[in-house]
Each structure stands twice: as structure tokens, then as C-alpha cells.
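entry-v7.cif (mmCIF, C-alpha atoms)
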```cif
data_my_file
#
loop_
_atom_site.label_atom_id
_atom_site.label_comp_id
_atom_site.auth_asym_id
_atom_site.auth_seq_id
_atom_site.Cartn_x
_atom_site.Cartn_y
_atom_site.Cartn_z
CA MET A 221 27.55 66.18 108.34
CA LYS A 222 26.56 68.63 111.06
CA TYR A 223 27.84 68.74 114.60
CA ALA A 224 26.33 70.11 117.80
CA LEU A 225 28.13 73.22 119.03
CA SER A 226 27.58 74.87 122.41
CA PHE A 227 29.23 78.06 123.57
CA THR A 228 28.40 81.18 125.55
CA LEU A 229 27.38 84.21 123.54
CA ASN A 230 27.44 87.49 125.42
CA GLY A 231 26.78 85.64 128.65
CA PHE A 232 24.01 83.38 127.35
CA PRO A 233 24.42 79.71 126.44
CA VAL A 234 23.71 78.87 122.80
CA ASP A 235 23.42 75.54 120.97
CA VAL A 236 23.62 75.27 117.18
CA LEU A 237 24.17 72.59 114.55
CA VAL A 238 27.07 73.51 112.27
CA LYS A 239 29.18 72.11 109.47
CA PRO A 240 32.92 71.69 110.14
CA THR A 241 33.75 74.20 107.43
CA GLU A 242 31.54 76.92 108.88
CA THR A 243 33.31 79.74 110.65
CA LEU A 244 32.37 81.49 113.86
CA LEU A 245 31.34 84.46 111.70
CA ASP A 246 28.97 82.21 109.67
CA VAL A 247 27.41 80.95 112.89
CA LEU A 248 27.06 84.39 114.45
CA ARG A 249 25.60 86.09 111.38
CA GLU A 250 23.70 83.32 109.60
CA HIS A 251 22.57 81.02 112.42
CA LEU A 252 22.21 83.37 115.36
CA GLY A 253 21.40 86.69 113.69
CA VAL A 254 24.22 88.52 115.43
CA LYS A 255 25.08 91.12 112.82
CA SER A 256 27.69 93.35 114.45
CA PRO A 257 30.68 91.29 113.25
CA LYS A 258 31.09 92.12 109.57
CA ARG A 259 32.28 90.02 106.67
CA GLY A 260 34.90 92.15 104.95
CA CYS A 261 37.73 90.23 103.34
CA ASN A 262 36.72 86.77 104.69
CA GLY A 263 40.43 86.00 104.89
CA GLY A 264 41.63 87.50 108.16
CA ASP A 265 43.09 90.65 106.65
CA CYS A 266 40.66 93.45 107.50
CA GLY A 267 39.57 92.88 111.11
CA ALA A 268 35.90 93.82 110.57
CA CYS A 269 34.83 90.42 111.99
CA THR A 270 36.84 90.72 115.23
CA VAL A 271 35.09 89.27 118.30
CA LEU A 272 36.40 88.17 121.69
CA LEU A 273 36.94 84.47 122.34
CA ASN A 274 37.52 83.85 126.05
CA GLY A 275 38.42 87.53 126.27
CA GLU A 276 40.99 87.48 123.47
CA PRO A 277 40.39 89.15 120.12
CA VAL A 278 40.11 86.74 117.18
CA ARG A 279 39.11 86.96 113.54
CA SER A 280 35.72 85.21 113.56
CA CYS A 281 35.88 84.80 109.76
CA ILE A 282 38.88 82.49 110.00
CA THR A 283 37.92 80.76 113.25
CA ILE A 284 36.36 77.36 112.61
CA ALA A 285 33.10 77.55 114.59
CA LEU A 286 33.49 74.12 116.20
CA THR A 287 36.77 75.21 117.81
CA ALA A 288 34.74 77.71 119.89
CA ALA A 289 33.04 74.81 121.72
CA GLY A 290 32.68 75.56 125.42
CA LYS A 291 34.21 79.01 125.07
CA ALA A 292 32.83 82.50 125.73
CA VAL A 293 32.18 84.71 122.69
CA THR A 294 31.66 88.45 123.11
CA THR A 295 30.40 90.77 120.39
CA VAL A 296 29.36 94.44 120.41
CA GLU A 297 25.80 93.24 121.21
CA GLY A 298 27.12 92.17 124.63
CA LEU A 299 28.70 95.48 125.61
CA ALA A 300 25.84 97.80 126.60
CA LYS A 301 24.18 97.36 129.98
CA GLY A 302 20.51 97.86 129.17
CA GLU A 303 20.23 101.37 127.73
CA ALA A 304 23.65 102.41 129.02
CA LEU A 305 26.27 102.23 126.31
CA HIS A 306 29.74 100.87 127.04
CA PRO A 307 32.31 103.70 127.39
CA LEU A 308 33.86 102.59 124.07
CA GLN A 309 30.52 102.80 122.27
CA LYS A 310 29.87 106.20 123.83
CA ALA A 311 33.32 107.52 122.93
CA PHE A 312 33.09 106.28 119.32
CA HIS A 313 29.72 108.05 119.07
CA GLU A 314 30.93 111.29 120.65
CA HIS A 315 34.15 111.49 118.63
CA HIS A 316 32.30 110.50 115.46
CA ALA A 317 34.93 107.78 115.14
CA THR A 318 32.77 106.13 112.50
CA GLN A 319 32.02 107.06 108.95
CA CYS A 320 30.39 104.22 107.07
CA GLY A 321 30.58 102.19 110.28
CA PHE A 322 31.58 98.90 108.67
CA CYS A 323 34.89 98.59 110.53
CA THR A 324 33.48 99.96 113.80
CA PRO A 325 32.39 96.73 115.55
CA GLY A 326 35.80 95.18 114.87
CA MET A 327 37.55 98.33 116.07
CA ILE A 328 35.48 98.38 119.25
CA MET A 329 36.14 94.72 120.06
CA ALA A 330 39.87 95.07 119.39
CA ALA A 331 39.89 98.16 121.62
CA LYS A 332 37.90 96.32 124.31
CA ALA A 333 40.52 93.57 124.37
CA LEU A 334 43.24 96.19 124.76
CA LEU A 335 41.51 98.08 127.59
CA ASP A 336 40.69 94.85 129.43
CA SER A 337 44.38 93.96 129.60
CA ASN A 338 45.86 97.47 129.59
CA PRO A 339 43.38 99.99 131.07
CA ASN A 340 45.73 102.95 130.69
CA PRO A 341 47.28 102.61 127.22
CA LYS A 342 49.58 105.06 125.50
CA ARG A 343 48.50 106.37 122.09
CA GLU A 344 51.13 104.16 120.46
CA GLU A 345 49.76 101.08 122.22
CA VAL A 346 46.26 101.87 120.94
CA ARG A 347 47.62 102.19 117.40
CA GLU A 348 49.38 98.86 117.77
CA ALA A 349 46.26 97.15 119.14
CA LEU A 350 44.23 98.44 116.18
CA ALA A 351 46.93 97.81 113.54
CA GLY A 352 45.02 94.78 112.28
CA ASN A 353 41.75 96.68 111.80
CA LEU A 354 41.37 98.53 108.54
CA CYS A 355 39.21 101.63 108.06
CA ARG A 356 38.88 102.67 104.41
CA CYS A 357 36.80 105.82 104.95
CA THR A 358 39.27 107.97 106.78
CA GLY A 359 42.36 108.03 108.91
CA TYR A 360 42.51 106.62 112.36
CA VAL A 361 42.83 109.86 114.36
CA LYS A 362 39.28 109.93 115.73
CA ILE A 363 39.25 106.20 116.34
CA VAL A 364 42.41 106.40 118.45
CA ALA A 365 41.07 109.49 120.23
CA ALA A 366 37.84 107.62 121.06
CA VAL A 367 39.74 104.72 122.59
CA MET A 368 41.86 107.13 124.68
CA THR A 369 38.66 108.86 125.90
CA ALA A 370 37.03 105.54 126.74
CA ALA A 371 40.10 104.52 128.73
CA GLU A 372 39.89 107.77 130.71
CA GLU A 373 36.19 107.31 131.34
CA ILE A 374 36.65 103.73 132.54
CA ALA A 375 39.48 104.88 134.83
CA SER A 376 37.44 107.79 136.29
CA ALA A 377 34.40 105.52 136.84
CA LYS A 378 36.63 103.20 138.88
CA ALA A 379 38.27 106.02 140.87
CA MET B 166 29.00 69.38 98.17
CA LYS B 167 31.03 66.80 100.03
CA ASP B 168 30.52 66.03 103.68
CA VAL B 169 33.46 67.15 105.75
CA LEU B 170 34.25 65.27 108.96
CA TYR B 171 35.55 66.92 112.13
CA PHE B 172 37.51 65.39 114.98
CA ALA B 173 38.68 67.18 118.12
CA PRO B 174 40.44 64.51 120.17
CA GLN B 175 41.50 65.20 123.75
CA LYS B 176 44.28 62.61 123.76
CA MET B 177 47.45 62.42 121.68
CA SER B 178 46.99 58.66 121.18
CA GLU B 179 43.55 59.28 119.64
CA ALA B 180 44.90 61.98 117.34
CA LEU B 181 47.75 59.75 116.12
CA LYS B 182 45.34 56.85 115.59
CA LEU B 183 43.12 59.08 113.43
CA LEU B 184 46.18 60.20 111.45
CA ALA B 185 47.30 56.58 111.01
CA THR B 186 43.83 55.62 109.75
CA HIS B 187 43.03 58.55 107.46
CA LYS B 188 46.53 59.84 106.55
CA LYS B 189 46.37 62.24 103.60
CA LYS B 190 42.62 62.74 103.94
CA ILE B 191 43.26 64.63 107.18
CA THR B 192 43.93 68.35 107.33
CA ILE B 193 45.36 69.39 110.68
CA LEU B 194 43.67 72.43 112.20
CA ALA B 195 45.27 74.46 114.98
CA GLY B 196 44.77 78.25 114.92
CA GLY B 197 43.44 78.11 111.37
CA THR B 198 44.83 81.51 110.39
CA ASP B 199 46.59 80.09 107.35
CA LEU B 200 44.19 77.23 106.61
CA VAL B 201 40.74 78.81 106.92
CA PRO B 202 41.34 81.69 104.45
CA LYS B 203 42.23 79.01 101.89
CA MET B 204 39.01 77.14 102.74
CA ASN B 205 36.93 80.32 102.56
CA HIS B 206 38.38 81.14 99.16
CA HIS B 207 37.91 77.54 97.95
CA VAL B 208 41.62 76.99 97.36
CA LEU B 209 41.59 74.09 99.78
CA LYS B 210 38.76 71.61 100.35
CA PRO B 211 39.50 69.33 103.28
CA ASP B 212 37.91 65.88 103.68
CA ILE B 213 38.57 65.63 107.41
CA LEU B 214 39.55 68.36 109.86
CA LEU B 215 41.58 67.23 112.86
CA TYR B 216 41.56 69.97 115.50
CA ILE B 217 44.58 69.67 117.79
CA GLY B 218 43.63 72.48 120.19
CA GLY B 219 42.40 69.95 122.76
CA LEU B 220 45.68 68.01 123.00
CA GLY B 221 47.33 70.22 125.61
CA LEU B 222 50.11 71.34 123.25
CA ASP B 223 50.03 74.92 124.54
CA TYR B 224 53.10 75.30 126.78
CA ILE B 225 56.54 76.90 127.06
CA LYS B 226 58.98 75.30 129.51
CA LYS B 227 62.66 74.67 130.14
CA LYS B 228 63.85 71.07 130.11
CA ASN B 229 67.34 69.53 129.83
CA GLY B 230 68.97 72.77 128.70
CA LYS B 231 66.36 73.42 126.03
CA LEU B 232 63.29 75.53 125.65
CA VAL B 233 60.38 73.26 124.84
CA ILE B 234 57.44 74.91 123.10
CA GLY B 235 54.20 73.02 122.45
CA ALA B 236 53.23 73.05 118.79
CA ALA B 237 49.83 74.62 119.49
CA THR B 238 51.27 77.50 121.52
CA PRO B 239 49.85 80.74 120.14
CA TRP B 240 52.10 83.57 118.97
CA SER B 241 50.63 85.85 121.65
CA LYS B 242 52.36 83.69 124.29
CA LEU B 243 55.68 83.90 122.44
CA VAL B 244 55.36 87.67 122.76
CA THR B 245 54.54 87.76 126.48
CA ASN B 246 56.40 84.72 127.89
CA SER B 247 59.44 85.68 129.99
CA LEU B 248 61.43 82.53 129.10
CA ILE B 249 61.14 83.41 125.42
CA ALA B 250 62.04 87.04 126.15
CA HIS B 251 65.19 86.04 128.03
CA LYS B 252 66.34 82.97 126.12
CA ALA B 253 65.04 83.48 122.58
CA ALA B 254 64.90 87.21 121.93
CA ALA B 255 64.88 86.86 118.14
CA LEU B 256 61.88 84.53 118.31
CA GLN B 257 60.04 87.00 120.52
CA LYS B 258 60.85 89.85 118.15
CA ALA B 259 59.61 87.85 115.16
CA ALA B 260 56.33 87.05 116.91
CA GLN B 261 55.99 90.66 118.05
CA THR B 262 56.57 92.35 114.68
CA SER B 263 54.41 90.00 112.63
CA SER B 264 50.73 90.09 111.89
CA CYS B 265 48.39 91.67 114.49
CA VAL B 266 46.93 91.01 117.93
CA ALA B 267 43.81 89.16 116.75
CA ILE B 268 45.85 86.81 114.55
CA LYS B 269 48.52 86.19 117.17
CA SER B 270 45.91 85.03 119.69
CA ALA B 271 45.04 82.13 117.34
CA ALA B 272 48.08 81.43 115.12
CA THR B 273 50.42 78.75 116.48
CA ILE B 274 54.16 78.15 116.28
CA GLY B 275 53.64 74.63 114.91
CA GLY B 276 51.27 75.96 112.28
CA ASN B 277 53.76 78.56 111.10
CA LEU B 278 56.42 75.88 110.58
CA GLY B 279 54.03 73.23 109.24
CA SER B 280 52.57 75.60 106.65
CA ALA B 281 56.14 76.01 105.38
CA SER B 282 55.71 79.42 103.83
CA PRO B 283 59.02 80.71 102.44
CA ALA B 284 58.20 83.90 104.38
CA ALA B 285 57.36 82.18 107.72
CA ASP B 286 58.59 84.70 110.28
CA LEU B 287 59.20 82.20 113.09
CA ALA B 288 61.36 79.95 110.89
CA THR B 289 64.47 82.14 110.59
CA PRO B 290 64.93 82.78 114.34
CA LEU B 291 64.42 79.07 115.04
CA LEU B 292 66.92 78.19 112.30
CA VAL B 293 69.67 80.31 113.87
CA MET B 294 68.88 78.88 117.30
CA ASP B 295 69.37 75.33 115.97
CA GLY B 296 65.69 74.55 116.59
CA GLN B 297 64.36 71.03 116.33
CA LEU B 298 60.89 69.58 115.88
CA ARG B 299 59.55 66.60 117.77
CA LEU B 300 57.29 64.70 115.39
CA ALA B 301 55.04 61.84 116.38
CA SER B 302 53.02 59.21 114.59
CA ALA B 303 51.39 56.02 115.83
CA ARG B 304 54.49 54.23 114.44
CA LYS B 305 57.28 56.24 116.03
CA LYS B 306 58.56 59.49 117.39
CA ARG B 307 61.46 61.36 115.84
CA LEU B 308 63.44 64.57 116.15
CA VAL B 309 64.10 66.59 113.02
CA ALA B 310 66.39 69.62 112.88
CA LEU B 311 64.51 72.59 111.49
CA LYS B 312 67.27 73.08 108.90
CA ASP B 313 66.26 69.66 107.45
CA PHE B 314 62.49 70.18 107.79
CA PHE B 315 61.50 72.36 104.83
CA LYS B 316 61.37 70.87 101.32
CA GLY B 317 59.73 73.61 99.30
CA PRO B 318 56.88 76.14 99.47
CA GLY B 319 54.25 74.40 101.62
CA GLU B 320 56.30 71.19 101.66
CA THR B 321 58.07 69.57 104.59
CA VAL B 322 59.43 66.16 105.58
CA LEU B 323 56.33 65.64 107.74
CA LYS B 324 54.68 62.33 106.77
CA PRO B 325 50.89 62.21 106.26
CA ASP B 326 50.44 60.29 109.52
CA GLU B 327 52.72 62.58 111.54
CA LEU B 328 52.03 65.50 113.82
CA ILE B 329 54.36 68.26 115.02
CA VAL B 330 54.24 67.85 118.81
CA GLU B 331 56.72 70.40 120.07
CA ILE B 332 59.61 72.64 119.11
CA LEU B 333 62.92 72.37 120.96
CA VAL B 334 65.29 75.31 121.19
CA PRO B 335 68.73 74.64 122.71
CA LEU B 336 69.85 77.35 125.12
CA LEU B 337 72.92 78.41 123.16
CA LYS B 338 75.28 81.27 123.82
CA GLY B 339 75.45 84.36 121.70
CA LYS B 340 73.08 87.14 120.82
CA SER B 341 70.22 86.51 118.40
CA VAL B 342 68.66 89.22 116.28
CA PHE B 343 65.62 89.22 113.97
CA LEU B 344 64.93 91.92 111.40
CA LYS B 345 62.14 92.13 108.87
CA ALA B 346 61.23 94.29 105.91
CA GLY B 347 57.56 94.29 104.96
CA ARG B 348 55.40 96.54 102.84
CA ARG B 349 54.06 98.10 106.04
CA LYS B 350 54.64 97.78 109.76
CA ALA B 351 51.81 95.49 110.83
CA LEU B 352 49.83 92.64 109.34
CA THR B 353 52.08 92.02 106.39
CA LEU B 354 54.14 89.15 105.04
CA SER B 355 57.88 89.54 104.97
CA VAL B 356 59.45 90.89 101.80
CA VAL B 357 62.62 89.63 103.41
CA ASN B 358 63.40 88.60 106.96
CA VAL B 359 66.75 87.89 108.54
CA ALA B 360 67.86 86.19 111.73
CA VAL B 361 71.41 85.87 113.01
CA ARG B 362 72.97 84.43 116.14
CA LEU B 363 76.49 85.50 116.95
CA GLU B 364 78.71 84.29 119.76
CA MET B 365 81.77 86.46 120.19
CA ALA B 366 85.06 85.86 121.98
CA GLY B 367 86.36 89.38 122.35
CA LYS B 368 86.28 90.74 118.80
CA THR B 369 86.41 87.31 117.21
CA CYS B 370 83.40 85.42 115.95
CA LYS B 371 83.29 82.17 117.89
CA ASP B 372 80.09 80.82 116.41
CA VAL B 373 77.55 82.24 113.98
CA ARG B 374 74.28 81.35 112.28
CA ILE B 375 72.60 83.33 109.53
CA ALA B 376 69.13 82.61 108.11
CA LEU B 377 67.09 84.30 105.40
CA GLY B 378 63.33 84.21 104.88
CA SER B 379 61.31 85.03 101.75
CA MET B 380 64.55 84.83 99.75
CA ALA B 381 64.26 81.24 98.43
CA PRO B 382 61.60 78.50 98.07
CA THR B 383 62.09 77.81 101.81
CA PRO B 384 63.58 79.71 104.73
CA ILE B 385 67.32 78.99 104.44
CA ARG B 386 70.51 78.81 106.47
CA CYS B 387 73.45 80.60 104.84
CA TYR B 388 76.24 78.10 105.46
CA GLN B 389 78.92 79.71 103.23
CA ALA B 390 78.50 83.07 104.89
CA GLU B 391 78.66 81.43 108.32
CA ARG B 392 81.96 79.72 107.36
CA LEU B 393 83.33 83.01 106.09
CA LEU B 394 82.77 84.70 109.47
CA GLN B 395 83.66 81.78 111.73
CA GLY B 396 86.85 82.33 113.75
CA LYS B 397 87.56 85.76 112.26
CA VAL B 398 87.79 89.21 113.79
CA ILE B 399 84.48 90.91 113.12
CA ASP B 400 84.69 94.34 111.47
CA GLN B 401 82.59 96.33 109.02
CA GLU B 402 84.46 94.96 106.04
CA LEU B 403 83.92 91.32 107.06
CA ILE B 404 80.24 91.95 107.83
CA LYS B 405 79.77 93.40 104.33
CA ARG B 406 81.42 90.38 102.76
CA GLY B 407 79.40 88.04 104.98
CA ALA B 408 76.12 89.71 104.00
CA ALA B 409 76.98 89.57 100.29
CA GLU B 410 77.86 85.90 100.65
CA ALA B 411 74.63 85.15 102.55
CA VAL B 412 72.47 86.76 99.89
CA ALA B 413 74.47 85.01 97.16
CA GLU B 414 73.29 81.72 98.67
CA SER B 415 69.63 82.74 98.30
CA ASP B 416 67.38 82.46 95.27
CA PRO B 417 64.84 85.27 95.52
CA MET B 418 61.99 85.78 93.08
CA ASP B 419 59.69 88.54 91.86
CA ASP B 420 56.23 88.45 93.40
CA GLY B 421 53.41 90.76 94.40
CA ARG B 422 55.32 91.97 97.43
CA ALA B 423 58.67 92.83 95.89
CA THR B 424 61.09 92.12 93.06
CA ALA B 425 64.09 89.82 93.38
CA TRP B 426 66.26 92.90 92.75
CA TYR B 427 64.78 94.67 95.77
CA ARG B 428 65.01 91.55 97.93
CA ILE B 429 68.75 91.28 97.21
CA LYS B 430 69.32 94.94 98.12
CA ALA B 431 67.13 94.83 101.25
CA GLY B 432 68.39 91.38 102.28
CA THR B 433 72.02 92.48 102.10
CA ALA B 434 71.31 95.59 104.17
CA LEU B 435 69.35 93.63 106.76
CA VAL B 436 72.03 90.94 107.17
CA CYS B 437 74.64 93.71 107.69
CA ARG B 438 72.42 95.43 110.24
CA ALA B 439 71.59 92.19 112.08
CA LEU B 440 75.27 91.18 112.31
CA GLU B 441 76.21 94.66 113.53
CA GLN B 442 73.52 94.52 116.21
CA ALA B 443 74.51 91.02 117.28
CA ALA B 444 78.17 92.08 117.47
CA GLY B 445 77.24 95.07 119.57
CA MET B 446 78.47 97.50 116.91
CA GLN B 447 75.09 99.21 116.61
CA ALA B 448 72.32 99.88 119.06
#
```
Represent the supplied structure as C-alpha cells.
Amino acid sequence: MKYALSFTLNGFPVDVLVKPTETLLDVLREHLGVKSPKRGCNGGDCGACTVLLNGEPVRSCITIALTAAGKAVTTVEGLAKGEALHPLQKAFHEHHATQCGFCTPGMIMAAKALLDSNPNPKREEVREALAGNLCRCTGYVKIVAAVMTAAEEIASAKA
Amino acid sequence: MKDVLYFAPQKMSEALKLLATHKKKITILAGGTDLVPKMNHHVLKPDILLYIGGLGLDYIKKKNGKLVIGAATPWSKLVTNSLIAHKAAALQKAAQTSSCVAIKSAATIGGNLGSASPAADLATPLLVMDGQLRLASARKKRLVALKDFFKGPGETVLKPDELIVEILVPLLKGKSVFLKAGRRKALTLSVVNVAVRLEMAGKTCKDVRIALGSMAPTPIRCYQAERLLQGKVIDQELIKRGAAEAVAESDPMDDGRATAWYRIKAGTALVCRALEQAAGMQA
């Protein structure tokens, strides 16, 4: 049995037919071809699938897709404005806060949620916001530095 | 592969009717953070999913001297809500120190209790605050004290046609404290967690509750230890005896997170520390 699901993806309305057991990650990757959210553990442990649901970070791999009905989903694909990268994307690039890159989209979305609610975070707050996102290549030093830089850039753009 | 049905009612009466009709075939879905991993890993194959996110059970309010928390209230609201911060500090601390931001935005208080994990972090603070659950079915409504709710790992007194509607927390006196030991700081299940509530009259213990998590097949109240402290002058010696008694009432096991031996050691230390903090003997 499939059910009609409508939600907003990066500002655009989408309609898909989904099974009740399919997750938001299944729908994004398999139905809609949105490949930034990654399937890591598929159990909510690694954070690589993190997207925003009505502005709040969620694990798309353990979110039943039908529960996103009528809500707004944001992924990394929705961050850049044309050719202009989002300050977080730019800062991750400049700090080389990626190695294999698998955890990066989840990191960026978790960081986006933080900066949206707390535009001027302390280092410790960044670490706490990213505590549920695992990077297995390296430490988290450059990732945290990138988020701090992005926060500064967003603040200076507003000033 | 079997066809799974999905219902997302907007009215409580509809939800209870569905539960009355389909009973055990229904799996209740709220935040899904405990349920969906089991589905993804094929440990659990539901026939019917009943999503309760549309029932308006996301609220925290004060009514008749009690905090009333809707069963589908996410953990993130327990962290940020000022009523919880002022009236249920141990519950706030438990929500704060558990899991991570992207889980807390989805995971619900009712789900944490309904899943009945022995390590459920919200259970111990609610046990020491004499928490109650309001359950509803199409037949009747009833109140169950949390101390009588858990039956075993994943097992509760909830009937197949019942739903957890809200959690009631009496506004009791005394200071409540929650402490947890995990294998790391974030996103980890408790190796042991402890909650205490202590009401003092000068240096004497007027009323006390002690609860342990991840130390038995369910989160437990430590009644013997509570009796030992009740009405006595609180000092280091008594706290040590109380903690030993509390842990003696538990039944910890070896698992992937820790050994029973470690749980006894850590549990004893945490009960001591929690009682000291609640008594104002330690910052």
C-alpha cells in the first residue's frame, strides 16, 4: 500500500507515493534523487543523514517519510543561492573541514540548525551541536573551526 | 512483503477507535527514534503504523498543582521549557545530557516511557518526582503511577488498545538531581543513571526518593534505601549506607556497555554524589 505524500523540499513543493515503512532518507535519495543526505548507520547513530524538518535537525534515516507531510525539508542542496555558496559551505571548503566528505552534509545541516537559533555560538556550543555527528576520518578541529568562521561571516554580512 | 497500513488521525477519538479495532496489530509511532531503527534493521515488522503526531499531544502546562506534559512532547522542549527548568530540574538535566540535538527534536517523552528500556533516561527523574501517566482507550481513561508502569524490558502495563496521553508531575518540595554515567558524553545509552529527590528539614531528611536506571530489568525505585534515610540526620556516613542499600536493591547485568561489577561500583558512587548534591553538601 502506497500513500500520497506532499512536503516542501528546499522551497519547492514535491509530491511522491511512498510506503509507510519508507523513511525520509529513502524518499530523498531513492525517489527524489537528492543525494546529499547519506546513509551511514541507518539507525540514527551517525548523523550523516541529518536534514532540517521545519528548521529543526532530524535524522532522516529514522524519520518515517509520511510524518513529514506538509512540512518543510531542507538539505544541503537548498543552501547555495545560485553560484554563491552558503557561508557554512564556503567555510568547510576553506578550512578543508572534509576528508572523505561522507559526514559533511550532516555536519553542515546540524551546524545550520545551530547558527539559525544561535548565530554567535561559543566553541563548546558548536561541539555540543555536532556531538551527534560522527566523522571517522579525523578529529573535529577543522569542522568546529569552519562553523566558527561561518558564524563570523554571517554576523559580518549582517552588520 | 506484507502491506503495511498507515494512519495519522487528527482526533483522539479516531486514534482510540483505531486502537480498539486493531489492538495488537497497531504499532504506535511518535518520534520514531526507537522504533524506526528496529524497522530498518528488520527486528520489528509492523502491520499498522498509527502516527500520533497529529493529536496535539505536544504541550507542557501547569494544572491543579501538577506539571502536565503531553505524551508527544519532544525532548528538545523538555530542555528549553522554563516550567521544566524551574519545577523539574532533574527531568531537564536528563533530557539535556542524553542523546543529541537531532534525536531530541524528534524523540518524545511518552515514547521514552512506552519503549520501557531499562536505561530510559527520563524514567528515573519521573520516578523520584512521583510521576503518573494518563492512559486512554475507547473503553476508559486511567491514571497509573510510573512506579507501577514498567513490567520488564520493553514491557509495561499498557493494554494493546491504550495510548499514553500525558505525563503528570506533582509539584513536590525538595531538590531533584539526575546523574548519568555513559561510555561517552553524548549520544550514548546509560551504563547507569540515578535520580534522587530530597526534601530536608534543617539537617534531617523529611522525604526522599531514589531511582536507578540500567541497573535492573526496569528502571526502579529503591524503597529500602529511602526508608533508611527517612527522618534521619543526613551525613556522609548515612549517605554511604543509603547508596549501598539502594544498589543492593538493584539487579544489574553484564552487557555490551558495562559489566554488573562496574555498574555496582558506578551506581553506588552516583547515588552518593546525587544525595550529596540534593542535600547541598556538594556543589
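Going from atom CA of Pro307 of chain A to atom CA of Ser270 of chain B covers 24.3 Å.
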Each residue of chain B lying at most 8 Å from chain A should get a row with its shortest atom-to-atom pair and the distance in Å to one decimal, counting all atoms listed in the file; could you produce that, ordered by chain and increasing number, as a tab-separated table?
```
residue	atom	partner	partner_atom	distance
B:Asp168	CA	A:Met221	CA	5.5
B:Val169	CA	A:Pro240	CA	6.3
B:Leu170	CA	A:Pro240	CA	6.7
B:Tyr171	CA	A:Pro240	CA	5.8
B:Gly196	CA	A:Thr283	CA	7.5
B:Gly197	CA	A:Thr283	CA	6.4
B:Thr198	CA	A:Ile282	CA	6.0
B:Val201	CA	A:Ile282	CA	5.1
B:Pro202	CA	A:Gly263	CA	4.4
B:Lys203	CA	A:Gly263	CA	7.8
B:Met204	CA	A:Thr241	CA	7.6
B:Asn205	CA	A:Asn262	CA	6.8
B:His206	CA	A:Gly263	CA	7.8
B:Leu214	CA	A:Pro240	CA	7.4
B:Tyr216	CA	A:Thr287	CA	7.5
B:Gly218	CA	A:Thr287	CA	7.8
B:Ser264	CA	A:Gly352	CA	7.4
B:Cys265	CA	A:Gly352	CA	5.1
B:Val266	CA	A:Ala349	CA	6.3
B:Ala267	CA	A:Val278	CA	4.4
B:Ile268	CA	A:Val278	CA	6.3
B:Ser270	CA	A:Val278	CA	6.5
B:Ala271	CA	A:Val278	CA	6.8
B:Ala351	CA	A:Ala351	CA	6.0
B:Leu352	CA	A:Gly352	CA	6.0
```
Using the chain letters and residue numbers of this document, give as a list in words the residues selected by the PyMOL selection byres ((chain B and resi 400-412) around 8).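 This file, filtered by the PyMOL selection byres ((chain B and resi 400-412) around 8), leaves Ile375, Cys387, Tyr388, Gln389, Ala390, Glu391, Leu393, Leu394, Val398, Ile399, Ala413, Glu414, Ser415, Ile429, Gly432, Thr433, Ala434, Val436, Cys437, Leu440 and Glu441 of chain B.
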Option closest in space to Lys258 of chain B, from B:Ala360, B:Leu209, B:Leu222, B:Met365 [counting all atoms listed in the file]: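 Using all atoms listed in the file, Lys258 of chain B sits closest to B:Ala360.
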Rank nothing, just name the residue among A:His251, A:His313, A:Lys258, A:Arg347 nearest to Ala285 of chain A, using only C-alpha atoms.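 Ranking A:His251, A:His313, A:Lys258, A:Arg347 by distance to Ala285 of chain A, first place goes to A:His251.
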Just the residues within 7 Å of Ala260 of chain B, please, counting only C-alpha atoms, with nothing from its chain fewer than 2 positions along; format it as a list in words.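 That gives Trp240, Leu243, Val244, Leu256, Gln257, Lys258, Thr262, Ser263 and Leu287 of chain B.
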Given the choices A:Ala317, A:Ala224, A:Ala289, A:Ile374, which gets closest to Leu244 of chain A if the distance is worked out from all atoms listed in the file? A:Ala289
